[in-house]
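Heads up, protein31.txt below (compact mmCIF, C-alpha atoms):
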# COMPACT_ATOMS: atom_id res chain seq x y z
CA MET E 1 19.65 27.58 4.84
CA LYS E 2 16.64 29.44 3.40
CA LEU E 3 18.98 31.89 1.67
CA VAL E 4 20.86 29.03 -0.02
CA ILE E 5 17.59 27.49 -1.27
CA LYS E 6 16.40 30.87 -2.55
CA PHE E 7 19.71 31.36 -4.34
CA LEU E 8 19.55 27.91 -5.96
CA ILE E 9 15.98 28.46 -7.15
CA LEU E 10 16.91 31.89 -8.50
CA PHE E 11 19.99 30.45 -10.20
CA VAL E 12 17.98 27.69 -11.92
CA ILE E 13 15.40 30.22 -13.14
CA VAL E 14 18.10 32.59 -14.41
CA ALA E 15 20.09 29.79 -16.09
CA PHE E 16 17.00 28.39 -17.84
CA SER E 17 15.96 31.88 -18.96
CA ASP E 18 19.46 32.45 -20.27
CA LEU E 19 19.33 29.24 -22.27
CA ILE E 20 16.03 30.10 -23.90
CA ILE E 21 16.17 33.88 -24.38
CA PHE E 22 19.83 34.46 -25.16
CA THR E 23 20.20 31.31 -27.26
CA TYR E 24 17.24 32.51 -29.32
CA LEU E 25 18.87 35.93 -29.78
CA HIS E 26 22.16 34.25 -30.77
CA GLU E 27 20.46 32.06 -33.39
CA LEU E 28 18.29 34.96 -34.56
CA ALA E 29 21.49 36.90 -35.32
CA HIS E 30 22.62 33.99 -37.53
CA LYS E 31 19.20 33.88 -39.21
CA ARG E 32 19.26 37.62 -39.96
CA ALA E 33 22.77 37.40 -41.40
CA LEU E 34 21.65 34.48 -43.56
CA LYS E 35 18.66 36.50 -44.78
CA LYS E 36 20.96 39.39 -45.76
CA ALA E 37 23.01 36.89 -47.78
CA GLY E 38 19.88 35.62 -49.52
CA ILE E 39 19.75 32.27 -47.72
CA LYS E 40 16.70 31.09 -45.80
CA GLY E 41 17.45 30.00 -42.25
CA ASN E 42 15.29 28.25 -39.67
CA ILE E 43 15.75 28.04 -35.92
CA ALA E 44 15.23 24.48 -34.68
CA TRP E 45 14.73 23.93 -30.93
CA ASN E 46 16.13 20.94 -29.09
CA VAL E 47 15.05 21.60 -25.48
CA LYS E 48 13.69 18.11 -24.77
CA GLU E 49 16.96 16.42 -25.77
CA ASN E 50 18.95 18.86 -23.61
CA ILE E 51 16.84 18.23 -20.54
CA LYS E 52 17.11 14.49 -21.10
CA HIS E 53 20.92 14.49 -21.44
CA LEU E 54 21.74 17.60 -19.38
CA GLY E 55 23.02 19.83 -22.15
CA ALA E 56 24.55 17.28 -24.52
CA SER E 57 23.62 19.33 -27.58
CA PRO E 58 22.78 22.95 -28.40
CA VAL E 59 19.33 24.15 -27.28
CA ALA E 60 18.67 25.71 -30.68
CA ILE E 61 20.36 25.57 -34.06
CA CYS E 62 19.95 27.79 -37.08
CA SER E 63 19.70 25.44 -40.04
CA PHE E 64 20.21 26.52 -43.65
CA ASP E 65 21.14 25.27 -47.11
CA LYS E 66 24.89 24.62 -47.00
CA LYS E 67 25.15 24.47 -50.81
CA LYS E 68 23.96 28.07 -51.07
CA LEU E 69 26.45 29.03 -48.37
CA GLU E 70 29.35 27.66 -50.44
CA LYS E 71 28.42 30.00 -53.31
CA ILE E 72 28.59 33.26 -51.37
CA GLY E 73 31.71 35.32 -50.68
CA TYR E 74 34.09 35.29 -47.77
CA GLU E 75 32.74 38.46 -46.11
CA ARG E 76 29.16 37.21 -46.08
CA LYS E 77 30.23 33.83 -44.68
CA LYS E 78 32.18 35.64 -41.98
CA ASN E 79 29.14 37.78 -41.12
CA ILE E 80 26.89 34.71 -40.92
CA PHE E 81 29.09 32.65 -38.62
CA LEU E 82 30.34 35.48 -36.42
CA SER E 83 26.96 37.21 -36.01
CA GLY E 84 26.02 34.94 -33.10
CA ILE E 85 29.25 35.72 -31.27
CA LYS E 86 28.69 39.44 -31.89
CA MET E 87 25.19 39.13 -30.39
CA ASP E 88 26.63 37.36 -27.33
CA LEU E 89 29.16 40.17 -26.88
CA ILE E 90 26.41 42.82 -27.16
CA ILE E 91 24.40 40.97 -24.51
CA LEU E 92 27.51 40.81 -22.30
CA LEU E 93 28.07 44.55 -22.71
CA ILE E 94 24.47 45.35 -21.74
CA LEU E 95 24.58 43.01 -18.73
CA SER E 96 27.90 44.50 -17.63
CA ILE E 97 26.51 48.03 -17.78
CA LEU E 98 23.43 46.93 -15.80
CA SER E 99 25.69 45.21 -13.27
CA ILE E 100 27.70 48.39 -12.76
CA ILE E 101 24.57 50.52 -12.39
CA PHE E 102 22.96 48.14 -9.92
CA GLY E 103 26.29 47.78 -8.08
CA ILE E 104 26.22 51.52 -7.45
CA PHE E 105 22.64 51.24 -6.14
CA PHE E 106 23.72 48.34 -3.93
CA ILE E 107 26.48 50.46 -2.42
CA LEU E 108 23.84 53.11 -1.70
CA GLY E 109 21.93 50.55 0.37
CA LYS E 110 18.94 49.18 -1.56
CA MET E 111 18.45 45.48 -0.61
CA ILE E 112 16.31 44.49 -3.63
CA ILE E 113 19.22 45.59 -5.80
CA TRP E 114 21.25 42.71 -4.31
CA TYR E 115 19.02 40.20 -6.11
CA ILE E 116 19.15 42.14 -9.38
CA LEU E 117 22.93 42.43 -9.10
CA LEU E 118 23.18 38.70 -8.44
CA VAL E 119 21.05 37.94 -11.50
CA CYS E 120 23.08 40.27 -13.75
CA ASN E 121 26.41 38.84 -12.64
CA THR E 122 25.16 35.26 -12.96
CA LEU E 123 24.01 36.02 -16.50
CA ILE E 124 27.39 37.57 -17.27
CA LEU E 125 29.20 34.42 -16.14
CA ILE E 126 26.88 32.20 -18.19
CA ARG E 127 27.26 34.41 -21.29
CA VAL E 128 31.06 34.44 -20.96
CA TRP E 129 30.98 30.64 -20.88
CA HIS E 130 28.83 30.60 -24.05
CA VAL E 131 31.15 33.01 -25.86
CA ILE E 132 34.18 30.91 -24.93
CA ASN E 133 32.39 27.80 -26.22
CA ASN E 134 31.46 29.60 -29.43
CA ILE E 135 35.08 30.43 -30.05
CA PHE E 136 37.03 27.35 -28.94
CA LYS E 137 34.69 24.34 -28.92
CA LYS E 138 34.57 21.83 -31.78
CA ASP E 139 31.70 22.66 -34.19
CA SER E 140 31.46 26.18 -32.72
CA ASP E 141 30.48 29.11 -34.91
CA LEU E 142 34.13 30.02 -35.44
CA ASP E 143 35.11 26.40 -36.14
CA GLN E 144 32.33 26.05 -38.73
CA PHE E 145 33.37 29.32 -40.36
CA LEU E 146 36.97 28.18 -40.66
CA HIS E 147 35.88 24.88 -42.23
CA VAL E 148 33.61 26.59 -44.77
CA VAL E 149 36.23 29.11 -45.86

Now that the file is in, can you turn its structure into structure tokens?
Amino acid sequence: MKLVIKFLILFVIVAFSDLIIFTYLHELAHKRALKKAGIKGNIAWNVKENIKHLGASPVAICSFDKKKLEKIGYERKKNIFLSGIKMDLIILLILSILSIIFGIFFILGKMIIWYILLVCNTLILIRVWHVINNIFKKDSDLDQFLHVV
């Protein structure tokens, strides 16, 4: 029973950290791509609303001037909207490599590695879910890109 409680506490901490840290990195990628295109972007946080409604809206959004976006070319628009997905894929790659490395250590018998491996694999599952949402969900990065083009 204690192991289940420890796992649940660890999962909540990891999931919350994922929401804050990786969402920030995702939106920062959009902001940097906007800056390269000459458009000012701001990251707006919406944590309170998410806690209230259990994830009804994105935790953070990169806001920008949509009129300026309409004036730039196709390639820059593509870079802006797909930069967040690229960042998610980079994070997934790093977490996967860490998972493999710590999996090898786990096989060699280090118990603390079990927790690290659990954290890495949990983060991988959460990131995969975010990437899928960013590709297929209504108002996702890809959906917004296709509507702007």

Subject >> Top pick for closest residue to Ile85 in chain E, considering E:Lys66, E:Phe106, E:Asp139, E:Ile132 and counting all atoms listed in the file >> reply: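 Counting all atoms listed in the file, the residue closest to Ile85 in chain E is E:Ile132.
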
**OP:** Determine, counting all atoms listed in the file, which protein, DNA and RNA residues have an atom within 8 Å of an atom of range 95-99 of chain E; residues of the same chain fewer than 6 positions away are not included. Present the result as a ChimeraX atom specification.
**Re:** /E:117,120-121,123-124

Original post:
Taking into account all atoms listed in the file, which residue in the set E:Asn133, E:Ser140, E:Asn79, E:Thr122 is nearest to Leu10 in chain E?
Top reply: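 That would be E:Thr122, the residue with the smallest distance to Leu10 in chain E.
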
Subject >> Surrounding residues of Ala15 in chain E excluding itself and chain neighbours under 4 positions, 12 Å, all atoms listed in the file, as a ChimeraX atom specification >> reply: /E:7-11,19-23,119-127,129-130

Just to be explicit: take each residue in the selection above, keep C-alpha atoms, and write the result as a PDB file, keeping the file's coordinate frame.
ATOM      1  CA  PHE E   7      19.710  31.360  -4.340  1.00  0.00           C
ATOM      2  CA  LEU E   8      19.550  27.910  -5.960  1.00  0.00           C
ATOM      3  CA  ILE E   9      15.980  28.460  -7.150  1.00  0.00           C
ATOM      4  CA  LEU E  10      16.910  31.890  -8.500  1.00  0.00           C
ATOM      5  CA  PHE E  11      19.990  30.450 -10.200  1.00  0.00           C
ATOM      6  CA  LEU E  19      19.330  29.240 -22.270  1.00  0.00           C
ATOM      7  CA  ILE E  20      16.030  30.100 -23.900  1.00  0.00           C
ATOM      8  CA  ILE E  21      16.170  33.880 -24.380  1.00  0.00           C
ATOM      9  CA  PHE E  22      19.830  34.460 -25.160  1.00  0.00           C
ATOM     10  CA  THR E  23      20.200  31.310 -27.260  1.00  0.00           C
ATOM     11  CA  VAL E 119      21.050  37.940 -11.500  1.00  0.00           C
ATOM     12  CA  CYS E 120      23.080  40.270 -13.750  1.00  0.00           C
ATOM     13  CA  ASN E 121      26.410  38.840 -12.640  1.00  0.00           C
ATOM     14  CA  THR E 122      25.160  35.260 -12.960  1.00  0.00           C
ATOM     15  CA  LEU E 123      24.010  36.020 -16.500  1.00  0.00           C
ATOM     16  CA  ILE E 124      27.390  37.570 -17.270  1.00  0.00           C
ATOM     17  CA  LEU E 125      29.200  34.420 -16.140  1.00  0.00           C
ATOM     18  CA  ILE E 126      26.880  32.200 -18.190  1.00  0.00           C
ATOM     19  CA  ARG E 127      27.260  34.410 -21.290  1.00  0.00           C
ATOM     20  CA  TRP E 129      30.980  30.640 -20.880  1.00  0.00           C
ATOM     21  CA  HIS E 130      28.830  30.600 -24.050  1.00  0.00           C
TER      22      HIS E 130
END

**OP:** State, in Å with one decimal place, the distance from CA of Phe102 in chain E to CA of Ile116 in chain E.
**Re:** 7.1 Å

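Going from CA of Leu108 in chain E to CA of Leu92 in chain E covers 24.3 Å.
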
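With all atoms listed in the file as the atoms that count, the residue of E:Ala29, E:Val131, E:Ala44, E:Val12 with the shortest distance to Ser83 in chain E is E:Ala29.
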
Using 8 Å as the limit and counting only C-alpha atoms, can you tabulate each residue of range 68-116 of chain E that touches range 33-40 of chain E, with its shortest atom-to-atom distance in Å and the two atoms involved, as JSON lines?
{"residue": "E:Lys68", "atom": "CA", "partner": "E:Ile39", "partner_atom": "CA", "distance": 6.8}
{"residue": "E:Leu69", "atom": "CA", "partner": "E:Ile39", "partner_atom": "CA", "distance": 7.5}
{"residue": "E:Ile72", "atom": "CA", "partner": "E:Ala37", "partner_atom": "CA", "distance": 7.6}
{"residue": "E:Arg76", "atom": "CA", "partner": "E:Ala37", "partner_atom": "CA", "distance": 6.4}
{"residue": "E:Asn79", "atom": "CA", "partner": "E:Ala33", "partner_atom": "CA", "distance": 6.4}
{"residue": "E:Ile80", "atom": "CA", "partner": "E:Ala33", "partner_atom": "CA", "distance": 4.9}
{"residue": "E:Ser83", "atom": "CA", "partner": "E:Ala33", "partner_atom": "CA", "distance": 6.8}

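If you look at CA of Val14 in chain E and CA of Lys31 in chain E, they are 24.9 Å away from each other.
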
**OP:** For Asp141 in chain E, list every protein, DNA or RNA residue within 8 Å, evaluated using only C-alpha atoms, and leave out those in the same chain fewer than 5 positions away; present the list as an NGL selection string.
**Re:** :E and (81-82 or 84-85 or 134-135)

I'd like the box whose edges run along x, y and z of the file and which contains every listed atom of range 5-15 of chain E, padded by 5 Å per side; could you state its centre and edge lengths in Å, one decimal, as JSON?
{"center_x": 17.7, "center_y": 30.0, "center_z": -8.7, "size_x": 14.7, "size_y": 15.1, "size_z": 24.8}
